[in-house]
Structures are given as structure tokens and as C-alpha cells.
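In what follows, a single structure is set out as C-alpha cells and then discussed.
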2 protein chains.
Amino acid sequence: MHDCRRPVWLVHPEWMSACDTCIVRNRAICAGLEHPEITALSTMGRRRSVSAGEPLIWEDDDSLLVANVIEGVLKLTTSTADGREQIVGVAYPSDFIGRPFGQTSAASVVALTDARVCVFARNDFDRFAREHPELEHKLLERTLAELDRTRAWMMLLGRKSAPEKIATFLLDMSERLADNGCMAHIGPARQFTLPFSRQQVADLLGLTIETVSRQFTRLKADGVVALPSRRDVEILDRGALEMLAG
Amino acid sequence: MHDCRRPVWLVHPEWMSACDTCIVRNRAICAGLEHPEITALSTMGRRRSVSAGEPLIWEDDDSLLVANVIEGVLKLTTSTADGREQIVGVAYPSDFIGRPFGQTSAASVVALTDARVCVFARNDFDRFAREHPELEHKLLERTLAELDRTRAWMMLLGRKSAPEKIATFLLDMSERLADNGCMAHIGPARQFTLPFSRQQVADLLGLTIETVSRQFTRLKADGVVALPSRRDVEILDRGALEMLAG
DNA sequence: GTTGTAGATTGATTTCGGTCAAGGACTGTC
DNA sequence: GACAGTCCTTGACCGAAATCAATCTACAAC
């Protein structure tokens with residue numbers, strides 16, 4: 001079931017049946033595209049499943065495709081020659097993936113969970129976008145928002161300590177993984193399931209897996225969070241987390 | 001004298017006299033705007049000088065203005081409550097500053113050198129942009145390119161060691177500060193003047209001023225660079241720098 | 001049940017870069 | 001020239017996080 005809070009702006013026909021009210025409403029609000037145009041774009045797209053751990057795009061690939069996330073979570077990463085990895089972005093449902101108007105993609109894209117995406121040939125998409133200013137406008141707004149998020153993350157990577165990084169990460173996750181019902185806007189989640197392994201959290205925060213583990217253990221010991229299983233988090237003391245986040 | 005290699009896509013009338021061939025050529029290539037449209041936009045803009053160290057936008061300001069850099073270099077920074085600072089972007093001539101279509105700007109903007117910018121009221125700019133798809137398209141391309149650069153920098157902040165950070169920084173500077181004649185495309189600069197103090201280099205790389213200083217001293221001792229003055233750098237062994245950059 | 005395995009935790013140790021502190025080198029003013 | 005101020009460098013020391021090295025846990029296959 002997709003998350004209806006997110007604006008649906010590039011829709012695959014199959015979505016139409018999923019939650020009609022949602023789609024129709026969001027199409028009007030967010031995409032600014034009339035129905036025939038949506039259909040035109042949708043027919044160019046190919047729906048694809050990506051299972052957890054499977055790559056969708058390789059770093060330095062000729063950037064031949066772009067995609068829209070329908071379901072699941074994917075990571076964008078860059079790596080050094082000697083194998084160090086940094087997660088530079090995370091794509092959630094309705095997020096856009098890939099690099100239009102460019103030659104190569106700077107990041108690899110790998111699914112963190114089983115995911116479904118709607119894939120477009122980059123050339124087709126570029127052409128379609130240039131002919132539909134409303135679509136480009138939406139893409140611009142989203143790219144600007146992503147740039148803001150990325151810059152906030154630079155502060156975390158460059159200037160925050162390990163405890164601050166972990167606290168910030170958990171608060172961020174609790175906002176982005178809030179699992180609300182269709183159309184409902186309620187606050188950040190108190191408990192959620194991480195789409196990341198410990199190693200991936202480390203790659204996101206610029207830490208090692210051991211440091212991540214130790215910080216989690218510490219938060220648990222201090223009663224700030226509960227960790228019912230490897231991937232599950234329950235926030236017990238949000239105030240404490242906010243203090244720690246710096 | 002502005003740097004004519006960069007595409008000039010938002011031009012103030014005064015530029016017209018600076019390097020007519022350049023402007024005309026770049027206008028045609030890059031902006032996709034016809035002359036009357038450029039004039040319309042230009043009349044909305046107000047030219048402003050910002051001296052080194054002077055702020056242009058404050059973090060968390062209501063984002064009331066956007067701007068185009070005419071001359072000089074500016075830094076975009078975010079800060080924590082306790083005063084730690086991270087430079088999250090650097091704006092060079094022809095770069096765009098500010099956050100269209102958003103409520104607040106996430107970063108402060110401060111001039112690193114004496115600078116001249118062309119300032120637009122955000123509302124005016126937003127309206128104008130929405131009416132000129134070609135302008136939005138250019139803005140989208142630039143924002144995507146900036147996002148790529150920012151993500152590459154995340155790898156540096158999260159995963160590189162101090163020597164790697166410094167080497168990467170110097171190579172990056174040598175590319176961006178290449179001072180070529182009008183229209184000429186020659187390679188990266190062998191010597192250049194940094195627009196940053198040591199503290200600012202530290203804020204850019206997520207290091208302390210002492211570590212930056214020590215790494216510079218080391219590169220000098222190893223004969224990789226010469227440092228004729230505080231702000232001047234001459235690259236003696238580019239290969240060594242590239243090895244060190246990781 | 002046993003075994004195997006990938007992921008996570010924990011502990012011991014090291015190291016890189018931060019912190020603290022002192023001194024040096026430009027720059028400008030008088 | 002003396003001085004003041006700012007920025008930079010250098011040294012001594014410390015500490016947070018990385019590294020190295022065992023386990024431990026959850027879970028799947030048999």
C-alpha cells in the first residue's frame with residue numbers, strides 16, 4: 001500500500017486503482033498535468049520490481065534511466081576506489097531517482113527493501129519534461145527540497161559527534177517513516193522499522209558499524225529508546241533525543 | 001572582470017557592456033530568453049555590492065530574496081546552536097543564490113571576497129520563473145548539478161581522512177578558480193588564490209583550523225605544493241595530490 | 001534438535017584529529 | 001620604526017571514534 005500523504009506526481013496507470021481519490025486529488029494539486037498527459041507519460045514508463053539488495057543504477061553508469069519510486073526504499077551511494085561507501089541520499093515512495101539532463105549518474109542506486117519503481121528511458125523523459133513545464137516545475141521544487149535536505153546532512157557529517165548523529169538520524173527516521181492512514185497527517189512516528197542495517201546506518205552517518213552499535217546500546221541503556229528487534233525502534237523519550245541531536 | 005567561461009543566464013543590463021560578444025552568445029546558448037524577457041527580468045533586479053565578510057542572507061530568514069552572483073565568491077553555511085559552522089556550498093560568478101518556491105532559506109550567505117550580486121525579490125522572481133519555462137529549465141539543470149556536487153562533498157565529509165580532504169579540496173579549487181581569458185577553455189589552474197581563510201577551509205572540510213594548517217605544512221614540506229603567501233597556492237605535483245585525494 | 005551464517009554486539013587497543021596553549025608572521029596605523 | 005590586531009603555525013596532550021578481535025544472536029536449512 002503506497003503512502004498517500006506524499007504527493008503523487010508521476011503516476012503509473014496501475015496506481016489508479018490503488019486509491020482513486022488520492023490519485024485524482026494529488027494529480028490535480030501536485031502534478032498540474034491533465035489526464036491525457038499523465039497517460040502519455042505513463043505509457044513511456046515500465047514498471048519494475050527491485051528486490052532488497054538489488055541495484056537499479058550503477059555509479060558512473062551512462063545515465064540511461066530515471067525512475068519514480070512506487071513502493072519501498074532505495075539508497076543512493078558513492079564509493080571510493082578502496083571500497084569505503086557513503087550513502088548520499090535515500091529515496092522513498094513518490095521520490096524521483098536518476099539524473100535528467102546529464103550524461104552520467106554520480107551515484108549508485110540500490111534497493112534497501114523490496115521495491116517497485118516506474119522506470120523511464122532518460123531520453124524519453126527529458127523530452128517529455130521539456131515539453132511539459134508544469135512537470136519541470138515540480139521536478140525543480142523537489143530537487144530544491146532535496147538539496148536543502150542534503151545540505152542539512154552535510155552539517156551532520158562535518159560537524160556532529162557520534163551521539164548527535166545517531167539522535168538526529170532517529171528523529172529524521174521517525175518523521176520520514178511515519179506510517180499513517182491514507183490522507184491522514186499525523187505527527188512523527190513513535191515506533192518504526194528501519195529500512196537500514198547497522199552497516200547502512202554507519203554509511204549514512206559517516207561512522208563505523210561498531211560505533212553505531214555502541215550508540216544504540218547506550219540509548220537503550222539510558223531508556224531513551226527501546227529496540228525490540230534489530231530493525232525496530234521505539235522512541236521512549238523524544239525530548240532526550242532532541243537534546244542529544246545538538 | 002567576470003569569468004566568461006561560465007554561462008551567463010541571468011544578466012543585469014550593466015553586464016551587457018562588460019563583454020558583449022560573451023553575453024550575446026551565452027544568452028542565446030544558455031538562457032533561452034529573448035532580449036525583451038531579459039530586460040523584463042533585469043529591471044526587477046537590483047544590483048548590490050557586498051563586501052568581504054558581510055552577510056547577504058541569514059539562516060532561517062524568511063526567504064525574501066534570491067540573487068545571481070556577478071563577481072566575487074560567497075559561502076553558504078549552516079550552524080548549530082553552540083556555534084559550530086559547516087560551509088554547505090560556495091557561490092561563484094553566475095551562480096544562483098537563494099531558495100525560490102520555499103518559505104525559509106536553510107543557509108546563511110556571507111561574502112568571502114568583495115562581491116557584486118544582482119538581487120531579486122523572491123516573489124517577483126518566482127512569478128517570473130513560472131512564466132518562463134526556459135528559465136526554470138536552466139534553474140533545474142543548475143540545481144541538479146549543484147546537488148551532484150553536494151553529494152560528492154558528502155562522501156568527502158563522511159568518509160575521507162584529513163589528508164584526503166585537503167588534497168581533494170586543492171584539486172577542486174584548482175578547477176574552479178582557473179582564471180582564463182574570455183571564452184578560452186584551458187585546464188585546471190596550477191596556481192591560484194584561495195577565497196578562504198584557514199578557518200573557512202576547516203568549515204568547508206569538517207576539520208579544525210589546526211589540522212588544516214598541519215596538512216598544508218606537510219604538503220609544503222613534501223614538495224607537493226608551494227604556499228607563497230597565506231592565500232596563494234601553487235600546485236607542484238598534481239599527480240601526488242591526485243593520489244592523496246583517495 | 002544441530003549446524004551454518006550473516007548481522008550485531010562487546011571488549012581491548014590504537015590512532016587520528018581535536019583541544020589547549022604558546023608563539024610567530026603578516027598587515028595596517030600611528 | 002613600534003604597536004596592535006588578526007590570522008596562522010607549532011607543540012604537547014587528550015579523547016572520541018576507528019580498528020582489531022572475539023563472541024553473541026537470530027534465523028534458516030537440514
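Ligands are numbered from 1 in the order shown, residues from 1 within each chain, and chains are lettered A, B, ... in the order they appear in the C-alpha cells.
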
Which residues, written as an mmCIF file with C-alpha atoms (C1' of nucleotides), in the first residue's frame, have at least one atom at most 10 Å from DT23 (chain D), with only C-alpha atoms (C1' of nucleotides) counted and residues fewer than 2 positions away on the same chain left out?
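Resulting contents of selection31.cif:
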data_model
loop_
_atom_site.group_PDB
_atom_site.id
_atom_site.type_symbol
_atom_site.label_atom_id
_atom_site.label_comp_id
_atom_site.auth_asym_id
_atom_site.auth_seq_id
_atom_site.Cartn_x
_atom_site.Cartn_y
_atom_site.Cartn_z
ATOM 1 C "C1'" DT C 9 27.354 -6.591 19.983
ATOM 2 C "C1'" DT C 10 31.130 -6.128 23.149
ATOM 3 C "C1'" DG C 11 35.834 -5.509 24.690
ATOM 4 C "C1'" DA D 21 39.326 -9.440 17.662
ATOM 5 C "C1'" DT D 25 22.084 -13.653 18.475
#

Near chain D, 12 Å: chain A residue rows, closest pairs, only C-alpha atoms (C1' of nucleotides), as CSV:
residue,atom,partner,partner_atom,distance
A:Lys160,CA,D:DA16,C1',11.9
A:Ser161,CA,D:DA16,C1',8.5
A:Ala162,CA,D:DA17,C1',8.1
A:Pro163,CA,D:DA16,C1',10.6
A:Gly206,CA,D:DA17,C1',10.9
A:Leu207,CA,D:DA17,C1',8.1
A:Thr208,CA,D:DA18,C1',7.4
A:Ile209,CA,D:DA18,C1',10.1
A:Glu210,CA,D:DA18,C1',8.8
A:Thr211,CA,D:DA17,C1',7.0
A:Val212,CA,D:DA17,C1',10.4
A:Arg214,CA,D:DA17,C1',10.8
A:Gln215,CA,D:DA17,C1',11.3
A:Ser229,CA,D:DA26,C1',9.5
A:Arg230,CA,D:DA26,C1',9.2

(message) as an MDAnalysis selection string, please: every residue in region 69-235 of chain A that a backbone DSSP assignment puts in helix (DSSP H, G or I).
(response) chainID A and resid 122:131 133:159 162:176 198:205 209:221

(request) Check the DSSP output for the backbone and give back, as a ChimeraX atom specification, the residues of region 102-137 of chain B in strand (DSSP E). (result) /B:108-111,115-121

Once you have the residues from the selection above, write them out as a PDB file, in the first residue's frame, restricted to N, CA, C and O atoms.
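After the write, selection-v5.pdb holds the following:
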ATOM      1  N   SER B 108      22.798  30.467   5.704  1.00  0.00           N
ATOM      2  CA  SER B 108      23.227  31.857   5.657  1.00  0.00           C
ATOM      3  C   SER B 108      24.129  32.046   4.452  1.00  0.00           C
ATOM      4  O   SER B 108      24.845  31.126   4.061  1.00  0.00           O
ATOM      5  N   VAL B 109      24.117  33.230   3.887  1.00  0.00           N
ATOM      6  CA  VAL B 109      25.017  33.540   2.787  1.00  0.00           C
ATOM      7  C   VAL B 109      25.876  34.725   3.197  1.00  0.00           C
ATOM      8  O   VAL B 109      25.355  35.763   3.593  1.00  0.00           O
ATOM      9  N   VAL B 110      27.190  34.539   3.139  1.00  0.00           N
ATOM     10  CA  VAL B 110      28.131  35.587   3.529  1.00  0.00           C
ATOM     11  C   VAL B 110      29.198  35.700   2.450  1.00  0.00           C
ATOM     12  O   VAL B 110      29.670  34.677   1.931  1.00  0.00           O
ATOM     13  N   ALA B 111      29.549  36.915   2.110  1.00  0.00           N
ATOM     14  CA  ALA B 111      30.577  37.128   1.079  1.00  0.00           C
ATOM     15  C   ALA B 111      31.954  36.753   1.614  1.00  0.00           C
ATOM     16  O   ALA B 111      32.300  37.091   2.742  1.00  0.00           O
ATOM     17  N   ALA B 115      32.058  41.353  -3.268  1.00  0.00           N
ATOM     18  CA  ALA B 115      31.259  40.730  -4.320  1.00  0.00           C
ATOM     19  C   ALA B 115      30.196  41.689  -4.837  1.00  0.00           C
ATOM     20  O   ALA B 115      29.807  42.649  -4.154  1.00  0.00           O
ATOM     21  N   ARG B 116      29.762  41.417  -6.048  1.00  0.00           N
ATOM     22  CA  ARG B 116      28.609  42.131  -6.586  1.00  0.00           C
ATOM     23  C   ARG B 116      27.560  41.104  -6.953  1.00  0.00           C
ATOM     24  O   ARG B 116      27.876  40.087  -7.580  1.00  0.00           O
ATOM     25  N   VAL B 117      26.340  41.357  -6.559  1.00  0.00           N
ATOM     26  CA  VAL B 117      25.253  40.432  -6.873  1.00  0.00           C
ATOM     27  C   VAL B 117      24.089  41.206  -7.456  1.00  0.00           C
ATOM     28  O   VAL B 117      23.971  42.415  -7.274  1.00  0.00           O
ATOM     29  N   CYS B 118      23.231  40.486  -8.158  1.00  0.00           N
ATOM     30  CA  CYS B 118      22.007  41.067  -8.678  1.00  0.00           C
ATOM     31  C   CYS B 118      20.858  40.431  -7.903  1.00  0.00           C
ATOM     32  O   CYS B 118      20.621  39.235  -8.003  1.00  0.00           O
ATOM     33  N   VAL B 119      20.186  41.232  -7.112  1.00  0.00           N
ATOM     34  CA  VAL B 119      19.191  40.722  -6.172  1.00  0.00           C
ATOM     35  C   VAL B 119      17.777  40.882  -6.722  1.00  0.00           C
ATOM     36  O   VAL B 119      17.442  41.911  -7.312  1.00  0.00           O
ATOM     37  N   PHE B 120      16.971  39.855  -6.513  1.00  0.00           N
ATOM     38  CA  PHE B 120      15.561  39.908  -6.910  1.00  0.00           C
ATOM     39  C   PHE B 120      14.685  39.612  -5.701  1.00  0.00           C
ATOM     40  O   PHE B 120      15.034  38.776  -4.873  1.00  0.00           O
ATOM     41  N   ALA B 121      13.556  40.278  -5.613  1.00  0.00           N
ATOM     42  CA  ALA B 121      12.574  39.895  -4.604  1.00  0.00           C
ATOM     43  C   ALA B 121      12.093  38.493  -4.960  1.00  0.00           C
ATOM     44  O   ALA B 121      11.828  38.195  -6.122  1.00  0.00           O
TER      45      ALA B 121
END

(request) Would you mind reading off the distance between CA of Ile235 (chain A) and CA of Thr217 (chain A), one decimal, in Å? (result) 13.6 Å

(message) One decimal, in Å: what's the spacing between CA of Asn123 (chain B) and CA of Ala91 (chain B)?
(response)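 A separation of 21.6 Å between them.
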
(request) Compute the chain B side of the contact with chain A at 9 Å, counting only C-alpha atoms, and hand it back as a PyMOL selection string. (result) chain B and resi 77-82+84-89+99-102+105-107+130+132-134+136-137+139-141+143-160+203-207+246

May I have the residues of chain C within 12 Å of chain B, counting only C-alpha atoms (C1' of nucleotides), written as an mmCIF file with N, CA and C atoms (P, O5', C5', C4', C3', O3' and C1' of nucleotides), in the first residue's frame?
data_model
loop_
_atom_site.group_PDB
_atom_site.id
_atom_site.type_symbol
_atom_site.label_atom_id
_atom_site.label_comp_id
_atom_site.auth_asym_id
_atom_site.auth_seq_id
_atom_site.Cartn_x
_atom_site.Cartn_y
_atom_site.Cartn_z
ATOM 1 P P DC C 16 46.900 7.310 12.281
ATOM 2 O "O5'" DC C 16 45.789 8.256 11.660
ATOM 3 C "C5'" DC C 16 44.417 7.837 11.653
ATOM 4 C "C4'" DC C 16 43.560 8.956 12.182
ATOM 5 C "C3'" DC C 16 43.921 10.330 11.644
ATOM 6 O "O3'" DC C 16 42.748 10.863 11.072
ATOM 7 C "C1'" DC C 16 43.765 10.376 14.042
ATOM 8 P P DG C 17 42.763 12.183 10.215
ATOM 9 O "O5'" DG C 17 42.206 13.245 11.254
ATOM 10 C "C5'" DG C 17 40.938 13.018 11.834
ATOM 11 C "C4'" DG C 17 40.796 13.841 13.070
ATOM 12 C "C3'" DG C 17 41.018 15.343 12.886
ATOM 13 O "O3'" DG C 17 39.947 15.975 13.525
ATOM 14 C "C1'" DG C 17 42.289 14.560 14.691
ATOM 15 P P DG C 18 39.644 17.487 13.522
ATOM 16 O "O5'" DG C 18 39.416 17.743 15.074
ATOM 17 C "C5'" DG C 18 38.496 16.921 15.780
ATOM 18 C "C4'" DG C 18 38.641 17.157 17.267
ATOM 19 C "C3'" DG C 18 38.580 18.623 17.678
ATOM 20 O "O3'" DG C 18 37.762 18.737 18.838
ATOM 21 C "C1'" DG C 18 40.660 17.682 18.357
ATOM 22 P P DT C 19 37.438 20.203 19.401
ATOM 23 O "O5'" DT C 19 38.522 20.412 20.546
ATOM 24 C "C5'" DT C 19 38.593 19.462 21.596
ATOM 25 C "C4'" DT C 19 39.684 19.870 22.571
ATOM 26 C "C3'" DT C 19 39.684 21.359 22.933
ATOM 27 O "O3'" DT C 19 39.692 21.455 24.345
ATOM 28 C "C1'" DT C 19 41.859 20.647 22.288
ATOM 29 P P DC C 20 39.506 22.896 25.057
ATOM 30 O "O5'" DC C 20 40.993 23.238 25.511
ATOM 31 C "C5'" DC C 20 41.758 22.232 26.171
ATOM 32 C "C4'" DC C 20 43.193 22.699 26.344
ATOM 33 C "C3'" DC C 20 43.346 24.185 26.664
ATOM 34 O "O3'" DC C 20 44.280 24.323 27.717
ATOM 35 C "C1'" DC C 20 44.681 23.614 24.814
ATOM 36 P P DA C 25 58.366 34.028 12.254
ATOM 37 O "O5'" DA C 25 57.170 34.589 11.366
ATOM 38 C "C5'" DA C 25 56.315 33.668 10.678
ATOM 39 C "C4'" DA C 25 55.243 34.459 9.958
ATOM 40 C "C3'" DA C 25 55.757 35.724 9.281
ATOM 41 O "O3'" DA C 25 54.981 35.943 8.130
ATOM 42 C "C1'" DA C 25 54.119 36.311 10.814
ATOM 43 P P DC C 26 55.654 36.174 6.748
ATOM 44 O "O5'" DC C 26 54.437 36.687 5.853
ATOM 45 C "C5'" DC C 26 54.196 38.078 5.872
ATOM 46 C "C4'" DC C 26 52.746 38.331 6.275
ATOM 47 C "C3'" DC C 26 52.308 39.708 5.805
ATOM 48 O "O3'" DC C 26 51.221 39.541 4.904
ATOM 49 C "C1'" DC C 26 51.773 39.350 8.109
#

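For the set B:Asp232, B:Glu71, B:Asp126, B:Asp95, the residue with the smallest atom-to-atom gap to Pro195 (chain B) is B:Asp232, counting only C-alpha atoms.
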
(request) State, in Å with one decimal place, the distance from CA of Leu227 (chain A) to CA of Ser197 (chain A). (result)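 Atom-to-atom, CA of Leu227 (chain A) and CA of Ser197 (chain A) are spaced 13.4 Å apart.
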
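The neighbours of Phe196 (chain A) here are the residues that come within 7 Å of it, using only C-alpha atoms (C1' of nucleotides) and leaving out any residue fewer than 3 positions away in the same chain; they are Leu112, Gln200 and Val201 of chain A.
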
With all heavy atoms retained, write the just-selected residues as a JSON list (two decimals), in the first residue's frame.
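The resulting file, again-v6.json, is shown below:
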[["chain", "number", "residue", "atom", "x", "y", "z"],
["A", 112, "LEU", "N", 16.89, -0.96, -0.68],
["A", 112, "LEU", "CA", 17.11, -1.36, 0.70],
["A", 112, "LEU", "C", 16.05, -2.37, 1.12],
["A", 112, "LEU", "O", 16.31, -3.27, 1.92],
["A", 112, "LEU", "CB", 17.03, -0.14, 1.62],
["A", 112, "LEU", "CG", 18.16, 0.89, 1.49],
["A", 112, "LEU", "CD1", 17.85, 2.10, 2.34],
["A", 112, "LEU", "CD2", 19.48, 0.28, 1.88],
["A", 200, "GLN", "N", 24.50, 0.01, 7.09],
["A", 200, "GLN", "CA", 23.95, 1.09, 6.26],
["A", 200, "GLN", "C", 23.73, 2.36, 7.06],
["A", 200, "GLN", "O", 23.93, 3.47, 6.55],
["A", 200, "GLN", "CB", 22.65, 0.61, 5.60],
["A", 200, "GLN", "CG", 22.93, -0.39, 4.48],
["A", 200, "GLN", "CD", 21.76, -1.28, 4.16],
["A", 200, "GLN", "OE1", 20.73, -1.27, 4.83],
["A", 200, "GLN", "NE2", 21.91, -2.07, 3.09],
["A", 201, "VAL", "N", 23.35, 2.22, 8.32],
["A", 201, "VAL", "CA", 23.26, 3.40, 9.18],
["A", 201, "VAL", "C", 24.64, 4.05, 9.28],
["A", 201, "VAL", "O", 24.78, 5.27, 9.17],
["A", 201, "VAL", "CB", 22.74, 3.04, 10.59],
["A", 201, "VAL", "CG1", 22.76, 4.26, 11.50],
["A", 201, "VAL", "CG2", 21.33, 2.48, 10.52]]
